[in-house]
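A.B. asks: Handing over upload21.cif, mmCIF, C-alpha atoms.
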```cif
data_entry
loop_
_atom_site.label_atom_id
_atom_site.label_comp_id
_atom_site.auth_asym_id
_atom_site.auth_seq_id
_atom_site.Cartn_x
_atom_site.Cartn_y
_atom_site.Cartn_z
CA MET A 1 18.77 28.32 20.56
CA ILE A 2 21.80 26.08 19.93
CA LYS A 3 24.92 27.09 18.00
CA GLY A 4 26.61 24.41 15.93
CA ARG A 5 28.33 23.47 12.68
CA ILE A 6 26.81 21.54 9.78
CA ILE A 7 28.95 18.44 9.33
CA LYS A 8 26.87 16.61 6.71
CA ALA A 9 24.02 17.38 4.31
CA ILE A 10 21.95 14.70 2.58
CA ALA A 11 18.61 15.04 0.76
CA GLY A 12 17.54 18.23 2.50
CA PHE A 13 18.59 17.10 5.98
CA TYR A 14 21.45 18.86 7.76
CA TYR A 15 23.38 17.20 10.55
CA VAL A 16 24.54 19.84 13.04
CA HIS A 17 27.29 19.14 15.57
CA SER A 18 27.34 21.15 18.79
CA GLU A 19 29.65 19.97 21.57
CA ASP A 20 28.29 16.49 22.44
CA LEU A 21 25.09 16.88 20.41
CA LEU A 22 24.35 15.79 16.86
CA LEU A 23 21.02 17.14 15.63
CA THR A 24 19.20 16.19 12.43
CA CYS A 25 17.79 19.45 11.09
CA LYS A 26 15.69 20.97 8.34
CA ALA A 27 16.23 24.55 7.20
CA ARG A 28 13.58 27.28 7.38
CA GLY A 29 11.79 27.87 4.08
CA VAL A 30 12.94 31.49 4.14
CA PHE A 31 16.44 30.37 3.09
CA LYS A 32 15.11 28.85 -0.13
CA LYS A 33 13.08 32.00 -0.86
CA LYS A 34 16.25 34.06 -0.50
CA GLY A 35 18.22 31.66 -2.68
CA ILE A 36 20.42 30.56 0.21
CA SER A 37 21.50 26.94 0.64
CA PRO A 38 23.10 25.85 3.93
CA LEU A 39 26.52 24.27 3.32
CA VAL A 40 28.63 21.75 5.17
CA GLY A 41 30.91 23.84 7.39
CA ASP A 42 28.32 26.56 8.04
CA ILE A 43 27.97 27.82 11.62
CA VAL A 44 24.23 27.85 12.30
CA SER A 45 21.71 28.68 15.00
CA VAL A 46 19.24 25.86 15.63
CA SER A 47 15.97 25.75 17.53
CA ARG A 48 15.66 22.33 19.10
CA GLN A 49 12.49 20.41 18.21
CA GLY A 50 13.16 17.20 20.11
CA MET A 51 15.96 15.11 21.56
CA GLN A 52 17.80 14.82 18.24
CA GLU A 53 15.93 17.13 15.86
CA GLY A 54 16.03 20.85 15.14
CA ILE A 55 15.31 23.68 12.71
CA ILE A 56 18.06 25.88 11.27
CA GLU A 57 17.03 29.46 12.04
CA ALA A 58 20.11 31.43 11.00
CA ILE A 59 23.45 31.02 9.21
CA ASP A 60 26.49 32.99 10.37
CA PRO A 61 28.47 34.98 7.75
CA ARG A 62 30.93 32.69 5.97
CA LYS A 63 34.69 33.18 6.14
CA ASN A 64 34.94 31.55 2.73
CA GLU A 65 33.05 29.20 0.45
CA ILE A 66 34.17 26.56 -2.02
CA ILE A 67 31.76 25.61 -4.79
CA ARG A 68 33.46 22.36 -5.78
CA PRO A 69 33.22 20.58 -3.41
CA LYS A 70 30.49 22.59 -1.67
CA ILE A 71 31.85 23.51 1.75
CA ALA A 72 32.27 26.67 3.85
CA ASN A 73 34.57 28.11 6.52
CA ILE A 74 37.71 26.14 5.67
CA ASP A 75 41.18 27.05 7.01
CA GLN A 76 43.37 24.86 4.79
CA VAL A 77 43.50 21.99 2.31
CA ALA A 78 45.56 18.85 2.88
CA LEU A 79 46.30 17.40 -0.55
CA VAL A 80 47.12 13.70 -0.58
CA PHE A 81 49.47 12.50 -3.31
CA SER A 82 50.80 8.98 -3.82
CA LEU A 83 54.53 8.48 -4.35
CA ALA A 84 53.96 5.04 -5.90
CA SER A 85 51.29 2.46 -6.84
CA PRO A 86 49.98 4.69 -8.41
CA GLN A 87 52.38 7.63 -8.63
CA THR A 88 50.55 10.96 -8.75
CA SER A 89 51.67 12.92 -11.81
CA LEU A 90 53.43 16.26 -11.46
CA PHE A 91 50.72 17.79 -13.61
CA GLN A 92 48.00 16.62 -11.23
CA ILE A 93 49.99 17.94 -8.27
CA ASP A 94 50.43 21.38 -9.84
CA LYS A 95 46.79 21.49 -10.95
CA MET A 96 45.52 20.79 -7.43
CA LEU A 97 47.95 23.27 -5.88
CA ALA A 98 46.75 25.87 -8.39
CA MET A 99 43.15 25.16 -7.44
CA THR A 100 43.85 25.70 -3.74
CA LYS A 101 45.60 28.97 -4.61
CA TRP A 102 42.61 30.00 -6.73
CA ASN A 103 40.36 29.35 -3.73
CA GLN A 104 42.75 31.38 -1.54
CA LEU A 105 43.43 28.46 0.78
CA PRO A 106 46.78 27.34 2.24
CA ALA A 107 47.80 23.87 1.05
CA ILE A 108 49.67 21.08 2.83
CA MET A 109 51.17 18.29 0.72
CA LEU A 110 50.81 14.79 2.20
CA LEU A 111 52.92 12.23 0.29
CA THR A 112 51.80 8.66 0.94
CA LYS A 113 53.57 5.29 0.60
CA ILE A 114 56.94 6.77 1.53
CA ASP A 115 58.03 3.34 2.78
CA LEU A 116 58.24 1.93 -0.75
CA MET A 117 61.72 1.84 -2.28
CA THR A 118 60.35 3.09 -5.59
CA ALA A 119 59.04 6.20 -3.83
CA GLN A 120 62.30 7.62 -2.50
CA THR A 121 63.57 9.39 -5.63
CA TYR A 122 60.18 10.96 -6.31
CA TYR A 123 59.85 12.02 -2.67
CA HIS A 124 63.16 13.89 -2.64
CA HIS A 125 62.35 15.50 -5.99
CA LEU A 126 59.03 16.83 -4.65
CA LEU A 127 60.76 18.14 -1.52
CA SER A 128 63.34 20.01 -3.61
CA VAL A 129 60.69 21.61 -5.84
CA TYR A 130 57.87 22.49 -3.43
CA GLN A 131 59.45 23.27 -0.06
CA PRO A 132 61.33 26.31 -1.43
CA LEU A 133 57.95 27.61 -2.68
CA GLY A 134 56.64 27.67 0.90
CA TYR A 135 54.55 24.50 0.82
CA LYS A 136 54.55 22.18 3.83
CA VAL A 137 55.49 18.72 2.56
CA LEU A 138 55.02 15.65 4.77
CA GLY A 139 55.93 12.08 3.86
CA ILE A 140 53.69 9.44 5.45
CA ASP A 141 53.13 5.71 5.62
CA SER A 142 49.65 5.23 7.07
CA LEU A 143 49.99 1.46 7.45
CA HIS A 144 52.98 1.81 9.79
CA ASP A 145 52.05 5.16 11.39
CA GLN A 146 55.07 6.93 9.90
CA GLY A 147 54.47 10.67 9.80
CA ILE A 148 50.98 10.45 11.33
CA LYS A 149 51.95 12.52 14.39
CA ASP A 150 53.28 15.26 12.12
CA VAL A 151 50.01 15.26 10.15
CA LYS A 152 47.95 15.53 13.35
CA LYS A 153 50.04 18.51 14.45
CA GLU A 154 49.36 20.36 11.19
CA LEU A 155 45.62 19.64 11.32
CA MET A 156 45.06 20.43 15.00
CA ASP A 157 42.62 23.28 15.76
CA HIS A 158 41.90 23.84 12.06
CA GLN A 159 39.03 23.19 9.68
CA THR A 160 40.79 21.13 7.01
CA VAL A 161 39.68 19.67 3.70
CA LEU A 162 41.39 16.36 2.93
CA SER A 163 41.51 15.85 -0.82
CA GLY A 164 43.12 13.51 -3.32
CA GLU A 165 42.51 11.20 -6.25
CA SER A 166 41.23 7.66 -5.81
CA GLY A 167 43.88 5.16 -4.83
CA VAL A 168 46.38 7.61 -3.30
CA GLY A 169 45.65 6.50 0.26
CA LYS A 170 43.33 9.33 1.33
CA SER A 171 40.67 7.09 2.85
CA THR A 172 43.26 4.91 4.58
CA LEU A 173 44.83 8.02 6.09
CA LEU A 174 41.43 9.28 7.21
CA LYS A 175 40.74 5.94 8.88
CA LYS A 176 44.07 6.19 10.70
CA LEU A 177 43.33 9.73 11.87
CA LEU A 178 39.73 8.88 12.80
CA PRO A 179 39.73 5.22 13.86
CA ASN A 180 36.22 5.41 15.33
CA SER A 181 34.59 7.06 12.32
CA ASP A 182 32.71 5.40 9.47
CA ALA A 183 35.29 6.60 6.92
CA ILE A 184 35.77 4.20 4.05
CA ALA A 185 39.14 2.49 3.79
CA GLY A 186 39.53 2.24 0.03
CA SER A 187 41.50 -0.38 -1.79
CA VAL A 188 43.33 -0.15 -5.07
CA SER A 189 42.44 -2.39 -7.95
CA GLU A 190 45.54 -4.23 -9.19
CA ALA A 191 44.10 -4.22 -12.70
CA THR A 192 43.29 -0.51 -12.95
CA GLN A 193 45.44 1.02 -10.16
CA ARG A 194 42.43 3.12 -9.27
CA GLY A 195 40.44 3.23 -6.05
CA LYS A 196 37.47 0.86 -5.85
CA HIS A 197 35.75 3.00 -3.20
CA THR A 198 35.24 6.75 -3.37
CA THR A 199 33.53 9.29 -1.17
CA THR A 200 30.39 10.67 -2.80
CA PHE A 201 29.48 13.52 -0.43
CA VAL A 202 31.22 16.02 1.81
CA GLN A 203 31.38 15.20 5.51
CA LEU A 204 33.12 16.89 8.44
CA TYR A 205 34.54 14.92 11.35
CA PRO A 206 35.40 16.56 14.71
CA PHE A 207 39.18 16.28 15.04
CA GLU A 208 41.73 17.59 17.56
CA GLY A 209 39.90 20.83 18.34
CA GLY A 210 38.84 21.40 14.73
CA TYR A 211 37.19 19.50 11.91
CA LEU A 212 38.45 17.29 9.11
CA ALA A 213 36.48 17.11 5.88
CA ASP A 214 36.44 14.05 3.67
CA THR A 215 35.56 15.24 0.16
CA PRO A 216 35.48 14.04 -3.45
CA GLY A 217 38.29 16.56 -3.87
CA PHE A 218 39.52 19.11 -6.31
CA SER A 219 40.97 16.46 -8.59
CA GLN A 220 37.62 15.77 -10.23
CA PHE A 221 37.17 19.32 -11.50
CA ASP A 222 38.78 21.41 -14.20
CA LEU A 223 40.36 24.80 -13.55
CA TYR A 224 38.93 27.23 -16.07
CA LEU A 225 39.64 30.96 -15.77
CA GLU A 226 38.08 33.80 -17.73
CA ASP A 227 41.25 35.90 -17.57
CA LEU A 228 44.29 33.95 -18.82
CA THR A 229 46.69 36.22 -16.93
CA THR A 230 45.19 34.90 -13.69
CA MET A 231 46.87 31.53 -14.26
CA GLN A 232 50.36 32.87 -13.51
CA LYS A 233 49.15 34.14 -10.13
CA LEU A 234 48.47 30.51 -9.17
CA PHE A 235 52.15 29.66 -9.66
CA VAL A 236 53.86 31.88 -7.09
CA GLU A 237 57.37 31.70 -8.56
CA ILE A 238 56.15 32.41 -12.11
CA TYR A 239 54.13 35.39 -10.90
CA ASP A 240 57.02 36.82 -8.86
CA VAL A 241 59.56 36.57 -11.68
CA GLY A 242 56.95 37.71 -14.21
CA GLN A 243 56.73 41.11 -12.53
CA SER A 244 60.05 41.92 -14.25
CA CYS A 245 58.80 41.09 -17.74
CA LEU A 246 59.04 43.85 -20.33
CA TYR A 247 55.56 43.14 -21.66
CA ARG A 248 52.40 44.06 -19.79
CA GLY A 249 50.09 41.05 -19.61
CA CYS A 250 52.86 38.66 -20.69
CA LEU A 251 51.67 35.04 -20.57
CA HIS A 252 55.28 33.76 -20.54
CA GLU A 253 54.91 31.52 -23.57
CA MET A 254 57.03 32.51 -26.59
CA GLU A 255 57.66 36.21 -25.95
CA ASP A 256 61.22 37.43 -26.62
CA GLY A 257 63.02 38.58 -23.51
CA CYS A 258 60.48 36.97 -21.16
CA GLN A 259 62.01 36.90 -17.69
CA VAL A 260 60.12 33.73 -16.74
CA ARG A 261 61.50 31.80 -19.71
CA GLN A 262 64.99 32.97 -18.82
CA ALA A 263 64.47 31.85 -15.20
CA VAL A 264 63.45 28.39 -16.44
CA GLU A 265 66.56 28.17 -18.63
CA GLN A 266 68.69 29.18 -15.65
CA LYS A 267 66.88 26.57 -13.47
CA ALA A 268 65.62 29.25 -11.10
CA ILE A 269 62.11 27.95 -11.90
CA ALA A 270 61.53 24.19 -12.14
CA SER A 271 60.95 23.22 -15.77
CA THR A 272 58.17 20.83 -14.72
CA ARG A 273 56.28 23.65 -13.01
CA TYR A 274 56.63 25.85 -16.08
CA GLU A 275 55.51 23.06 -18.44
CA ASN A 276 52.46 22.34 -16.27
CA TYR A 277 51.64 26.06 -16.19
CA LEU A 278 51.72 26.09 -19.99
CA GLN A 279 49.52 22.99 -20.17
CA LEU A 280 46.89 24.53 -17.88
CA LEU A 281 47.10 27.73 -19.91
CA GLN A 282 46.50 25.78 -23.13
CA GLU A 283 43.52 23.96 -21.60
CA ASN A 284 42.03 27.34 -20.72
CA LYS A 285 42.56 28.64 -24.25
CA GLU A 286 40.81 25.60 -25.73
CA TRP A 287 37.96 25.97 -23.23
CA LYS A 288 37.49 29.62 -24.18
CA ALA A 289 37.58 28.72 -27.90
CA ARG A 290 34.80 26.15 -27.39
CA ARG A 291 32.70 28.68 -25.50
CA TYR A 292 32.97 31.40 -28.11
#
```
What's the structure tokens form of this structure?
C.D. replies:
Amino acid sequence: MIKGRIIKAIAGFYYVHSEDLLLTCKARGVFKKKGISPLVGDIVSVSRQGMQEGIIEAIDPRKNEIIRPKIANIDQVALVFSLASPQTSLFQIDKMLAMTKWNQLPAIMLLTKIDLMTAQTYYHHLLSVYQPLGYKVLGIDSLHDQGIKDVKKELMDHQTVLSGESGVGKSTLLKKLLPNSDAIAGSVSEATQRGKHTTTFVQLYPFEGGYLADTPGFSQFDLYLEDLTTMQKLFVEIYDVGQSCLYRGCLHEMEDGCQVRQAVEQKAIASTRYENYLQLLQENKEWKARRY
């Protein structure tokens, strides 16, 4: 029996990496009967059926599991944002950070294209907003290797999901980190400022004692929550200040005496973070109204 990790799953075939082996495997029918689907990231036991084939016999208990994208046993998420050409919006940044928080995963912010003059003001703004909140923020220029060593240090010995919108430089960064892989180096259309190439399935690459996952990312999915009060928990500073609110279950919108609103007025909470919190809250309200 061989122990390994599923690094790719396509059309019912699972590719299991174990030390220097890469086995193409099928899963036992018992998993389907039990309603269990092996996921990329799963640690599995495989019975070898040939030089490069095997059967998945057992799946170890998962540390965690993300539904979108489907992946298991992740330590952290590295979110790639572009400082320019195109500039990632603050709303998209806060939405993706909220999604990592919702999935109970630490997030690292990787800010690409730091070499561009138009990126400097935005870069320093993001540092001033997000570093005090406890986020690791790294500026990088993949084309000239600036910041790449720092990124490698943060990813070493971890199972990391690399995620970002098309055109932000995610695939170029992946190619720099994994020069011998088949990762796609995307290009940005001058007409649309969107990536021409996108990753369509989740894949793990062995990297510096851990694994690096190239995924379609959180950016393609909406964040809908049944309990509206949960949203504030995804914005750490809003949740912390909100504990002092006079009203139980305060959503920090228009309530008189709301401590969060006062903190925003006093610049103790960034106004952009608060506005993006309100926008996500409104999207959730509209989603619930459509459902019911």
A.B. asks: Find the residues near A:Val137: any atom within 8 Å, counting all atoms listed in the file, skip ones fewer than 2 places away on the same chain, and give them as a PyMOL selection string.
C.D. replies: chain A and resi 108-111+127+130-131+135+139
A.B. asks: Can you tell me how far atom CA of A:Lys267 sits from atom CA of A:Asp222, in Å to one decimal?
C.D. replies: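 Rounded to one decimal, the two atoms are 28.6 Å apart.
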A.B. asks: If the PyMOL selection byres ((chain A and resi 238) around 9) were run on this exact file, what residues would it hold? Put them as a VMD selection string.
C.D. replies: chain A and resid 232 to 237 239 to 243 252 260 263 269 273 to 274 277
A.B. asks: Do you know which residues are at most 6 Å from stretch 16-21 of chain A counting all atoms listed in the file, after dropping those on the same chain fewer than 2 positions away, and could you put them as a PyMOL selection string?
C.D. replies: chain A and resi 4-7+23
A.B. asks: Just write the chosen residues, C-alpha atoms, as a short mmCIF file (atom, residue, chain, number, x, y, z; two decimals), in the coordinates of the input.
C.D. replies:
```
data_model
loop_
_atom_site.label_atom_id
_atom_site.label_comp_id
_atom_site.auth_asym_id
_atom_site.auth_seq_id
_atom_site.Cartn_x
_atom_site.Cartn_y
_atom_site.Cartn_z
CA GLY A 4 26.61 24.41 15.93
CA ARG A 5 28.33 23.47 12.68
CA ILE A 6 26.81 21.54 9.78
CA ILE A 7 28.95 18.44 9.33
CA LEU A 23 21.02 17.14 15.63
#
```
A.B. asks: Carefully work through the PyMOL selection byres ((chain A and resi 151) around 12) for this structure and note down the residues it includes, as a PyMOL selection string.
C.D. replies: chain A and resi 78-80+108-112+136-142+145-150+152-156+158+160+162+173-174+176-177+207-208+212
A.B. asks: Please determine, counting all atoms listed in the file, which residue among A:Gln282, A:Thr24, A:Thr118, A:Thr100 has the shortest atom-to-atom distance to A:Ser47.
C.D. replies: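 The answer is A:Thr24, which sits nearest to A:Ser47.
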A.B. asks: Around the point (23.0, 27.4, 2.5) (coordinates from the file), which residues reach within 10 Å if we count only C-alpha atoms? Answer as a CSV table (one decimal) with C-alpha atoms, keeping the file's coordinate frame.
C.D. replies:
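Once written, selection_18.csv looks like this:
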```
chain,number,residue,atom,x,y,z
A,27,ALA,CA,16.2,24.6,7.2
A,31,PHE,CA,16.4,30.4,3.1
A,32,LYS,CA,15.1,28.8,-0.1
A,34,LYS,CA,16.2,34.1,-0.5
A,35,GLY,CA,18.2,31.7,-2.7
A,36,ILE,CA,20.4,30.6,0.2
A,37,SER,CA,21.5,26.9,0.6
A,38,PRO,CA,23.1,25.8,3.9
A,39,LEU,CA,26.5,24.3,3.3
A,40,VAL,CA,28.6,21.8,5.2
A,41,GLY,CA,30.9,23.8,7.4
A,42,ASP,CA,28.3,26.6,8.0
A,44,VAL,CA,24.2,27.8,12.3
A,58,ALA,CA,20.1,31.4,11.0
A,59,ILE,CA,23.4,31.0,9.2
A,70,LYS,CA,30.5,22.6,-1.7
A,71,ILE,CA,31.8,23.5,1.8
A,72,ALA,CA,32.3,26.7,3.8
```
A.B. asks: Could you tell me how far atom CA of A:Asp60 sits from atom CA of A:Gly29, in Å to one decimal place?
C.D. replies: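 Separation between atom CA of A:Gly29 and atom CA of A:Asp60: 16.8 Å.
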A.B. asks: For atom CA of A:Leu178 and atom CA of A:Tyr205, determine how far apart the two atoms are, in Å to one decimal place.
C.D. replies: 8.1 Å
A.B. asks: Go through A:Arg62, A:Leu22, A:Leu90, A:Gln259 one by one, measure the shortest atom-to-atom distance of each to A:His125 using only C-alpha atoms, and give the residue with the smallest value.
C.D. replies: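 Closest to A:His125, using only C-alpha atoms: A:Leu90.
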A.B. asks: Could you give me, as a PyMOL selection string, the residues within 12 Å of A:Gln279, counting only C-alpha atoms and dropping anything in the same chain fewer than 3 positions from it?
C.D. replies: chain A and resi 90-92+94-95+223+231-232+253+272-276+282-286
